[in-house]
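*Asks:* Next comes the structure file run10.pdb, holding PDB, C-alpha atoms.
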```pdb
ATOM      1  CA  ASP A1044     -11.355  -9.503 -21.124
ATOM      2  CA  PRO A1045      -7.774 -10.553 -20.252
ATOM      3  CA  SER A1046      -6.363  -7.788 -22.436
ATOM      4  CA  ARG A1047      -7.966  -5.166 -20.145
ATOM      5  CA  LEU A1048      -8.661  -6.795 -16.781
ATOM      6  CA  LYS A1049      -5.974  -8.211 -14.501
ATOM      7  CA  GLY A1050      -6.660 -10.224 -11.358
ATOM      8  CA  VAL A1051      -5.390  -9.694  -7.826
ATOM      9  CA  ALA A1052      -5.101 -12.838  -5.747
ATOM     10  CA  LEU A1053      -6.819 -13.282  -2.391
ATOM     11  CA  VAL A1054      -4.973 -15.778  -0.207
ATOM     12  CA  PRO A1055      -5.479 -17.106   3.351
ATOM     13  CA  SER A1056      -2.948 -14.989   5.233
ATOM     14  CA  GLN A1057      -4.006 -16.657   8.490
ATOM     15  CA  ASP A1058      -2.327 -19.818   7.141
ATOM     16  CA  PRO A1059       0.998 -18.752   5.586
ATOM     17  CA  PRO A1060       1.888 -22.113   3.957
ATOM     18  CA  ALA A1061      -1.541 -22.217   2.312
ATOM     19  CA  ALA A1062      -1.140 -18.556   1.304
ATOM     20  CA  VAL A1063       2.132 -19.383  -0.460
ATOM     21  CA  LYS A1064       0.549 -22.293  -2.296
ATOM     22  CA  GLU A1065      -2.480 -20.277  -3.408
ATOM     23  CA  LEU A1066      -0.358 -17.310  -4.454
ATOM     24  CA  ARG A1067       1.751 -19.572  -6.667
ATOM     25  CA  ARG A1068      -1.370 -21.074  -8.245
ATOM     26  CA  CYS A1069      -2.972 -17.682  -8.885
ATOM     27  CA  VAL A1070       0.110 -16.245 -10.562
ATOM     28  CA  GLU A1071       1.475 -19.241 -12.454
ATOM     29  CA  GLU A1072      -1.817 -20.844 -13.487
ATOM     30  CA  LEU A1073      -4.313 -17.958 -13.573
ATOM     31  CA  GLY A1074      -2.059 -15.084 -14.582
ATOM     32  CA  PHE A1075      -2.893 -12.773 -11.675
ATOM     33  CA  VAL A1076      -0.580  -9.763 -11.329
ATOM     34  CA  ALA A1077      -0.686  -8.957  -7.594
ATOM     35  CA  VAL A1078      -1.761 -10.327  -4.228
ATOM     36  CA  ALA A1079      -3.845  -8.554  -1.597
ATOM     37  CA  ALA A1080      -2.942  -8.679   2.082
ATOM     38  CA  PRO A1081      -4.500  -7.260   5.239
ATOM     39  CA  THR A1082      -2.267  -5.398   7.656
ATOM     40  CA  ARG A1083      -3.192  -7.954  10.312
ATOM     41  CA  SER A1084      -4.502 -11.421   9.621
ATOM     42  CA  SER A1085      -7.465 -12.972  11.391
ATOM     43  CA  SER A1086      -4.974 -15.127  13.273
ATOM     44  CA  GLY A1087      -3.394 -11.990  14.755
ATOM     45  CA  LYS A1088      -0.237 -11.750  12.646
ATOM     46  CA  ASN A1089       1.049  -8.300  11.670
ATOM     47  CA  LEU A1090       2.927  -7.908   8.392
ATOM     48  CA  ASP A1091       6.328  -8.108  10.082
ATOM     49  CA  ASP A1092       5.551 -11.451  11.733
ATOM     50  CA  PRO A1093       8.326 -13.945  10.827
ATOM     51  CA  ASP A1094       5.664 -16.522   9.984
ATOM     52  CA  LEU A1095       4.845 -14.399   6.923
ATOM     53  CA  TYR A1096       8.404 -14.367   5.575
ATOM     54  CA  PRO A1097       7.725 -17.310   3.210
ATOM     55  CA  PHE A1098       4.727 -15.414   1.802
ATOM     56  CA  PHE A1099       6.830 -12.320   1.065
ATOM     57  CA  ALA A1100       9.601 -14.486  -0.344
ATOM     58  CA  GLU A1101       7.168 -16.093  -2.774
ATOM     59  CA  ALA A1102       5.718 -12.727  -3.840
ATOM     60  CA  GLU A1103       9.266 -11.515  -4.453
ATOM     61  CA  ARG A1104      10.137 -14.661  -6.418
ATOM     62  CA  LEU A1105       7.023 -14.353  -8.558
ATOM     63  CA  ASN A1106       7.646 -10.605  -9.008
ATOM     64  CA  VAL A1107       4.135  -9.608  -7.952
ATOM     65  CA  PRO A1108       3.389  -6.703  -5.594
ATOM     66  CA  VAL A1109       1.657  -7.120  -2.251
ATOM     67  CA  ALA A1110      -1.345  -4.781  -2.174
ATOM     68  CA  ILE A1111      -2.173  -3.761   1.397
ATOM     69  CA  HIS A1112      -5.851  -3.215   2.034
ATOM     70  CA  MET A1113      -7.950  -3.362   5.166
ATOM     71  CA  GLY A1114     -11.318  -2.035   6.205
ATOM     72  CA  ALA A1115     -13.712  -2.163   9.137
ATOM     73  CA  GLY A1116     -15.289  -5.368   7.854
ATOM     74  CA  ASP A1117     -12.135  -7.351   8.527
ATOM     75  CA  GLY A1118     -12.938  -7.506  12.241
ATOM     76  CA  VAL A1119      -9.471  -6.605  13.534
ATOM     77  CA  ALA A1120      -8.925  -3.074  12.197
ATOM     78  CA  ALA A1121      -7.733  -0.130  14.277
ATOM     79  CA  GLY A1122     -10.495   1.691  16.088
ATOM     80  CA  ILE A1123     -13.385  -0.717  15.619
ATOM     81  CA  GLU A1124     -13.135  -1.789  19.251
ATOM     82  CA  ARG A1125     -14.012   1.787  20.223
ATOM     83  CA  PHE A1126     -16.750   2.733  17.759
ATOM     84  CA  ASP A1127     -19.888   1.314  16.182
ATOM     85  CA  PRO A1128     -21.081   4.016  13.722
ATOM     86  CA  PRO A1129     -19.842   3.192  10.210
ATOM     87  CA  PHE A1130     -18.887   6.828   9.653
ATOM     88  CA  TYR A1131     -16.347   6.506  12.474
ATOM     89  CA  THR A1132     -14.998   3.080  11.590
ATOM     90  CA  HIS A1133     -14.712   3.672   7.841
ATOM     91  CA  ALA A1134     -13.009   7.047   8.301
ATOM     92  CA  MET A1135     -10.485   5.584  10.744
ATOM     93  CA  THR A1136      -9.624   2.097   9.629
ATOM     94  CA  HIS A1137      -8.375   2.701   6.099
ATOM     95  CA  PRO A1138      -5.672   5.354   6.702
ATOM     96  CA  PHE A1139      -4.703   4.167  10.170
ATOM     97  CA  GLU A1140      -4.278   0.585   9.003
ATOM     98  CA  GLN A1141      -2.162   1.738   6.067
ATOM     99  CA  MET A1142       0.071   3.584   8.535
ATOM    100  CA  ILE A1143       0.369   0.389  10.559
ATOM    101  CA  GLY A1144       1.126  -1.595   7.409
ATOM    102  CA  VAL A1145       3.916   0.772   6.362
ATOM    103  CA  LEU A1146       5.256   0.777   9.922
ATOM    104  CA  CYS A1147       5.535  -3.010   9.800
ATOM    105  CA  VAL A1148       7.056  -3.432   6.345
ATOM    106  CA  VAL A1149       9.496  -0.517   6.765
ATOM    107  CA  VAL A1150      10.463  -0.439  10.437
ATOM    108  CA  GLY A1151       9.887  -4.177  10.750
ATOM    109  CA  GLY A1152      12.614  -4.749   8.180
ATOM    110  CA  ILE A1153      10.544  -6.506   5.514
ATOM    111  CA  LEU A1154      11.862  -4.327   2.675
ATOM    112  CA  ASP A1155      15.456  -5.031   3.683
ATOM    113  CA  LYS A1156      14.873  -8.768   3.967
ATOM    114  CA  PHE A1157      13.193  -8.846   0.568
ATOM    115  CA  PRO A1158      14.892  -6.116  -1.492
ATOM    116  CA  ARG A1159      13.017  -6.882  -4.731
ATOM    117  CA  LEU A1160       9.597  -6.965  -3.057
ATOM    118  CA  LYS A1161       7.069  -4.288  -4.037
ATOM    119  CA  VAL A1162       4.274  -3.170  -1.704
ATOM    120  CA  ALA A1163       1.313  -0.940  -2.576
ATOM    121  CA  CYS A1164      -0.947   0.861  -0.084
ATOM    122  CA  MET A1165      -4.494   0.797  -1.421
ATOM    123  CA  GLU A1166      -7.755   2.673  -0.879
ATOM    124  CA  ALA A1167      -6.804   5.156   1.818
ATOM    125  CA  GLY A1168      -5.763   8.112  -0.283
ATOM    126  CA  ALA A1169      -2.222   9.440  -0.150
ATOM    127  CA  GLY A1170      -2.506  12.499   2.080
ATOM    128  CA  TRP A1171      -1.298  10.588   5.127
ATOM    129  CA  VAL A1172       2.033   9.625   3.528
ATOM    130  CA  PRO A1173       4.038  12.860   4.070
ATOM    131  CA  TYR A1174       2.921  13.068   7.685
ATOM    132  CA  TRP A1175       3.892   9.442   8.332
ATOM    133  CA  MET A1176       7.275   9.940   6.676
ATOM    134  CA  GLU A1177       8.086  12.838   8.956
ATOM    135  CA  ARG A1178       6.790  11.157  12.089
ATOM    136  CA  LEU A1179       8.697   7.921  11.488
ATOM    137  CA  ASP A1180      11.870   9.860  10.648
ATOM    138  CA  GLU A1181      11.544  11.803  13.891
ATOM    139  CA  HIS A1182      11.300   8.553  15.825
ATOM    140  CA  TYR A1183      14.257   7.128  13.905
ATOM    141  CA  GLU A1184      16.307  10.172  14.863
ATOM    142  CA  ASN A1185      15.406   9.894  18.547
ATOM    143  CA  MET A1186      15.006   6.134  18.985
ATOM    144  CA  GLN A1187      17.228   4.499  16.357
ATOM    145  CA  PRO A1188      18.979   2.240  18.934
ATOM    146  CA  THR A1189      15.655   0.460  19.467
ATOM    147  CA  VAL A1190      15.569  -0.595  15.792
ATOM    148  CA  PRO A1191      19.237  -1.438  15.098
ATOM    149  CA  TRP A1192      18.344  -3.485  12.011
ATOM    150  CA  LEU A1193      16.989  -0.413  10.198
ATOM    151  CA  LYS A1194      19.669   0.765   7.750
ATOM    152  CA  LYS A1195      18.313   4.221   6.867
ATOM    153  CA  PRO A1196      15.527   6.671   7.798
ATOM    154  CA  PRO A1197      12.015   5.356   7.121
ATOM    155  CA  SER A1198      11.253   8.082   4.572
ATOM    156  CA  GLU A1199      14.021   6.759   2.330
ATOM    157  CA  TYR A1200      12.303   3.379   2.196
ATOM    158  CA  MET A1201       8.954   5.077   1.658
ATOM    159  CA  ARG A1202      10.322   6.997  -1.329
ATOM    160  CA  SER A1203      12.069   3.964  -2.784
ATOM    161  CA  GLY A1204      10.915   1.835  -5.685
ATOM    162  CA  GLN A1205       9.554  -0.752  -3.258
ATOM    163  CA  LEU A1206       6.569   1.269  -2.019
ATOM    164  CA  TYR A1207       3.638   2.725  -3.966
ATOM    165  CA  TYR A1208       0.567   4.640  -2.777
ATOM    166  CA  ALA A1209      -2.861   4.783  -4.395
ATOM    167  CA  PHE A1210      -4.410   8.248  -4.507
ATOM    168  CA  GLU A1211      -8.089   9.030  -4.981
ATOM    169  CA  PRO A1212      -9.529  11.319  -7.674
ATOM    170  CA  ASP A1213     -10.657  14.189  -5.470
ATOM    171  CA  GLU A1214      -7.596  14.663  -3.240
ATOM    172  CA  LYS A1215      -6.981  18.405  -3.087
ATOM    173  CA  THR A1216      -3.484  17.940  -1.649
ATOM    174  CA  LEU A1217      -2.345  15.608  -4.454
ATOM    175  CA  GLY A1218       0.060  18.160  -5.922
ATOM    176  CA  TYR A1219       1.781  18.603  -2.573
ATOM    177  CA  VAL A1220       1.977  14.841  -2.018
ATOM    178  CA  ILE A1221       3.552  14.367  -5.450
ATOM    179  CA  ASP A1222       6.209  16.975  -4.663
ATOM    180  CA  PHE A1223       6.913  15.543  -1.213
ATOM    181  CA  VAL A1224       6.780  11.803  -1.917
ATOM    182  CA  GLY A1225       7.835  11.667  -5.568
ATOM    183  CA  SER A1226       5.872  11.410  -8.799
ATOM    184  CA  GLU A1227       6.935   7.796  -9.388
ATOM    185  CA  ARG A1228       5.430   6.524  -6.144
ATOM    186  CA  LEU A1229       1.734   7.263  -6.796
ATOM    187  CA  VAL A1230      -0.865   5.241  -8.702
ATOM    188  CA  PHE A1231      -4.432   6.130  -9.626
ATOM    189  CA  ALA A1232      -7.359   4.372  -7.939
ATOM    190  CA  SER A1233     -10.976   4.987  -8.928
ATOM    191  CA  ASP A1234     -12.532   2.936  -6.079
ATOM    192  CA  TYR A1235     -15.060   1.608  -8.591
ATOM    193  CA  ASN A1236     -17.648   0.233  -7.862
ATOM    194  CA  HIS A1237     -17.974   1.266  -4.224
ATOM    195  CA  SER A1238     -20.610   3.778  -3.198
ATOM    196  CA  ASP A1239     -17.942   6.402  -2.521
ATOM    197  CA  GLY A1240     -16.227   5.845  -5.857
ATOM    198  CA  LYS A1241     -16.334   8.646  -8.412
ATOM    199  CA  PHE A1242     -18.123   7.466 -11.579
ATOM    200  CA  PRO A1243     -18.229   7.976 -14.515
ATOM    201  CA  ASP A1244     -15.726  10.870 -14.553
ATOM    202  CA  ALA A1245     -13.071   9.606 -12.135
ATOM    203  CA  VAL A1246     -10.277   9.717 -14.691
ATOM    204  CA  LYS A1247     -11.340  13.073 -16.107
ATOM    205  CA  SER A1248     -11.449  14.635 -12.650
ATOM    206  CA  VAL A1249      -7.696  14.020 -12.395
ATOM    207  CA  THR A1250      -6.542  14.586 -15.972
ATOM    208  CA  GLN A1251      -8.262  17.970 -16.127
ATOM    209  CA  ARG A1252      -6.347  19.304 -13.138
ATOM    210  CA  GLU A1253      -4.076  22.245 -13.921
ATOM    211  CA  ASP A1254      -1.684  21.794 -10.998
ATOM    212  CA  ILE A1255      -0.036  18.631 -12.395
ATOM    213  CA  VAL A1256       2.288  18.818 -15.395
ATOM    214  CA  PRO A1257       1.733  16.407 -18.331
ATOM    215  CA  GLU A1258       4.873  14.354 -17.645
ATOM    216  CA  THR A1259       3.783  13.740 -14.052
ATOM    217  CA  MET A1260       0.196  13.083 -15.124
ATOM    218  CA  ALA A1261       1.370  10.326 -17.460
ATOM    219  CA  LYS A1262       3.232   8.691 -14.581
ATOM    220  CA  ILE A1263       0.484   8.748 -11.976
ATOM    221  CA  MET A1264      -2.283   7.791 -14.429
ATOM    222  CA  GLY A1265      -0.565   4.826 -16.022
ATOM    223  CA  GLU A1266       3.193   4.507 -16.212
ATOM    224  CA  ASN A1267       3.662   3.909 -12.484
ATOM    225  CA  ALA A1268       0.978   1.229 -12.426
ATOM    226  CA  CYS A1269       2.625  -0.535 -15.366
ATOM    227  CA  ARG A1270       5.899  -0.582 -13.476
ATOM    228  CA  LEU A1271       4.212  -1.714 -10.253
ATOM    229  CA  TYR A1272       2.420  -4.630 -11.905
ATOM    230  CA  GLY A1273       5.211  -5.515 -14.306
ATOM    231  CA  PHE A1274       3.498  -4.678 -17.606
TER     232      PHE A1274
END
```
Let's see the structure in the file written out as structure tokens.

*Replies:*
Amino acid sequence: DPSRLKGVALVPSQDPPAAVKELRRCVEELGFVAVAAPTRSSSGKNLDDPDLYPFFAEAERLNVPVAIHMGAGDGVAAGIERFDPPFYTHAMTHPFEQMIGVLCVVVGGILDKFPRLKVACMEAGAGWVPYWMERLDEHYENMQPTVPWLKKPPSEYMRSGQLYYAFEPDEKTLGYVIDFVGSERLVFASDYNHSDGKFPDAVKSVTQREDIVPETMAKIMGENACRLYGF
């Protein structure tokens, strides 16, 4: 149902020219509204690798956000070289890889090089974001000469209109994250139809909360996503 369901493109990030071509086809011919990207491709490229600049340039030109997502099954995620139990790898890879992704797009200068590019961090919750803001700002304060291309503290990029963060329905610290990060930076994610997704009351579990005012609720449950995806 194209009036309700919108596609997210999967492209071969290990081959940037092919990724650009497929992204263009998915958006211009199929009507997809975003493109997914791992934080590190199977060819070993992090998101701030110059070889990926044409990919980001095309996403910016097409006005579609890059949705960062990576899990243990990708084969190159943080921590999987140390652990085998899925409890360990699943708990680690999602938030740690999102931290790495933000590190690359912010400190690596991607958001400055592509000022109209939007990036969304998916399926790791949002509780890690305040911590990462403070830690990166501390490093910027103490080690700014090592990143001379960075024009402002990392937290300012992370609060800007270029970055969004998907939160999960049962995050107890959501109210704090909203206050710290900004109500316009968060988007709802149900994680349907994964085994750890909340169904059928994922939406209700958020909208019935009493610690989020109606104006903010409208943003995080719909308005922000419309802005992110250009609806």

*Asks:* When you look at segment 1226-1243 of chain A with a cut-off of 9 Å (counting only C-alpha atoms), what residues show up, excluding the ones that are within fewer than 5 positions of it in the same chain? I need them as a ChimeraX atom specification.

*Replies:* /A:1163,1165-1166,1168-1169,1201-1213,1220-1221,1248-1249,1259-1260,1262-1268,1271

*Asks:* Just to confirm, what's the straight-line distance from atom CA of Ser1198 of chain A to atom CA of His1137 of chain A in Å (one decimal)?

*Replies:*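 Computed distance, atom CA of Ser1198 of chain A to atom CA of His1137 of chain A, equals 20.4 Å.
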
*Asks:* Quick one: distance from atom CA of Val1256 of chain A to atom CA of Asp1222 of chain A in Å, one decimal?

*Replies:*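 Separation between atom CA of Val1256 of chain A and atom CA of Asp1222 of chain A: 11.6 Å.
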
*Asks:* Can you tell me how far atom CA of Arg1083 of chain A sits from atom CA of Ala1120 of chain A, in Å to one decimal?

*Replies:*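 Computing it gives 7.8 Å between the two atoms.
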
*Asks:* At a cut-off of 9 Å, using only C-alpha atoms, what residues contact segment 1070-1079 of chain A? Leave out same-chain residues fewer than 3 positions from it and give the result as a PyMOL selection string.

*Replies:* chain A and resi 1049-1054+1065-1067+1102+1105-1112+1272-1273

*Asks:* Could those residues be written to a file, using C-alpha atoms, as a PDB file, keeping the file's coordinate frame?

*Replies:*
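again.pdb, written as the output of this step:
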```pdb
ATOM      1  CA  LYS A1049      -5.974  -8.211 -14.501  1.00  0.00           C
ATOM      2  CA  GLY A1050      -6.660 -10.224 -11.358  1.00  0.00           C
ATOM      3  CA  VAL A1051      -5.390  -9.694  -7.826  1.00  0.00           C
ATOM      4  CA  ALA A1052      -5.101 -12.838  -5.747  1.00  0.00           C
ATOM      5  CA  LEU A1053      -6.819 -13.282  -2.391  1.00  0.00           C
ATOM      6  CA  VAL A1054      -4.973 -15.778  -0.207  1.00  0.00           C
ATOM      7  CA  GLU A1065      -2.480 -20.277  -3.408  1.00  0.00           C
ATOM      8  CA  LEU A1066      -0.358 -17.310  -4.454  1.00  0.00           C
ATOM      9  CA  ARG A1067       1.751 -19.572  -6.667  1.00  0.00           C
ATOM     10  CA  ALA A1102       5.718 -12.727  -3.840  1.00  0.00           C
ATOM     11  CA  LEU A1105       7.023 -14.353  -8.558  1.00  0.00           C
ATOM     12  CA  ASN A1106       7.646 -10.605  -9.008  1.00  0.00           C
ATOM     13  CA  VAL A1107       4.135  -9.608  -7.952  1.00  0.00           C
ATOM     14  CA  PRO A1108       3.389  -6.703  -5.594  1.00  0.00           C
ATOM     15  CA  VAL A1109       1.657  -7.120  -2.251  1.00  0.00           C
ATOM     16  CA  ALA A1110      -1.345  -4.781  -2.174  1.00  0.00           C
ATOM     17  CA  ILE A1111      -2.173  -3.761   1.397  1.00  0.00           C
ATOM     18  CA  HIS A1112      -5.851  -3.215   2.034  1.00  0.00           C
ATOM     19  CA  TYR A1272       2.420  -4.630 -11.905  1.00  0.00           C
ATOM     20  CA  GLY A1273       5.211  -5.515 -14.306  1.00  0.00           C
TER      21      GLY A1273
END
```

*Asks:* Excluding segment 1182-1193 of chain A and residues on its chain fewer than 5 positions from it, collect all residues at most 12 Å away from it, counting only C-alpha atoms, and give them as a ChimeraX atom specification.

*Replies:* /A:1146-1156,1175-1177,1198-1200

*Asks:* Applied to this file, what does the PyMOL selection byres ((chain A and resi 1170) around 8) return in terms of residues, put as a VMD selection string?

*Replies:* chain A and resid 1168 to 1169 1171 to 1174 1214 1216 to 1217 1220

*Asks:* Could you tell me, as number ranges by chain, exactly which residues end up selected when the PyMOL selection byres ((chain A and resi 1095) around 12) is applied to this structure?

*Replies:* A: 1055-1063, 1080-1084, 1086-1094, 1096-1102, 1147-1148, 1153, 1156-1157

*Asks:* What residues come out when you apply the PyMOL selection byres ((chain A and resi 1132) around 12) to this file, written as a ChimeraX atom specification?

*Replies:* /A:1113-1131,1133-1140

*Asks:* Pick out the closest residue to Gln1141 of chain A from this set: A:Gly1225, A:Asp1044, A:Cys1164, A:Asp1254. Count all atoms listed in the file.

*Replies:*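 Counting all atoms listed in the file, the residue closest to Gln1141 of chain A is A:Cys1164.
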
*Asks:* Which one is closest to Met1142 of chain A: A:Leu1179, A:Cys1069, A:Tyr1219, A:Val1246? Count all atoms listed in the file.

*Replies:*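 Checking each of A:Leu1179, A:Cys1069, A:Tyr1219, A:Val1246 against Met1142 of chain A, counting all atoms listed in the file, the winner is A:Leu1179.
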